[in-house]
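Peer 1: One structure, as structure tokens, below. Some questions next.
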Amino acid sequence: ELFAVPENTTKNLDFTMSGKGGKGGKGGKGGKAPTSKKAPQSRSSKAGLQFPVGRVHRFLKQSVQHSQRVGATAAVYTSAILEYLTAEVLELAGNACKDLKVKRITPRHLQLAIRGDEELDALIKATIAGGGVIPHIHKSLINKSTKGKKGAKF
């Protein structure tokens, strides 16, 4: 008795030798177990982004002509670009806040950040409401020292 089965287990064994596996269905080794169902994961989290890839994809589809198609990776790429630019502007605006010793970013800080950076200034041509103007005094208007005019009175 090399392959002996204990006596108490012979009652519970049901053998069906179908050759395909236990769960039925087409091919393979049966279906997935019900507990292995993964929770749905957003495309933003798959790409490691904070910006909404699905929403950007929807906006891209709305903006092209009706017959044209938008690839799935176009939305991921566009979301990544938007997230990078936003992070860049917010970092520079935060530095402007730190220089002025305040803790809240205002439109003025955004204006100073964008106009202070050469590349962002070329990219963003819009007027920022409440941003004010960049401080600049032309060279010819700066008062020169009075070396030659000792007796000059104003």
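Chain labels A, B, ... are given in the sequence in which chains occur in the structure tokens; within each chain residues are numbered consecutively from 1, and ligands are likewise numbered from 1 in the order shown.
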Hey, could you make a per-residue contact list for segment 21-103 of chain A against segment 112-132 of chain A with 9 Å as the cut-off, showing the nearest pair of atoms and its distance in Å to one decimal, counting only C-alpha atoms, sorted by chain and number, as a tab-separated table?

Peer 2:
residue	atom	partner	partner_atom	distance
A:Leu85	CA	A:Leu120	CA	8.8
A:Val89	CA	A:Ala113	CA	6.7
A:Leu90	CA	A:Ala113	CA	8.4
A:Glu91	CA	A:Ala113	CA	8.6
A:Leu92	CA	A:Ala113	CA	5.2
A:Ala93	CA	A:Ala113	CA	5.0
A:Gly94	CA	A:Ala113	CA	8.5
A:Asn95	CA	A:Ala113	CA	8.1
A:Ala96	CA	A:Ala113	CA	6.6

Peer 1: Name the residues in contact with segment 34-48 of chain A at a cut-off of 10 Å, using only C-alpha atoms, excluding same-chain residues fewer than 5 positions from it; report them as an NGL selection string.

Peer 2: :A and (53-55 or 72-73 or 75-77 or 79-80)
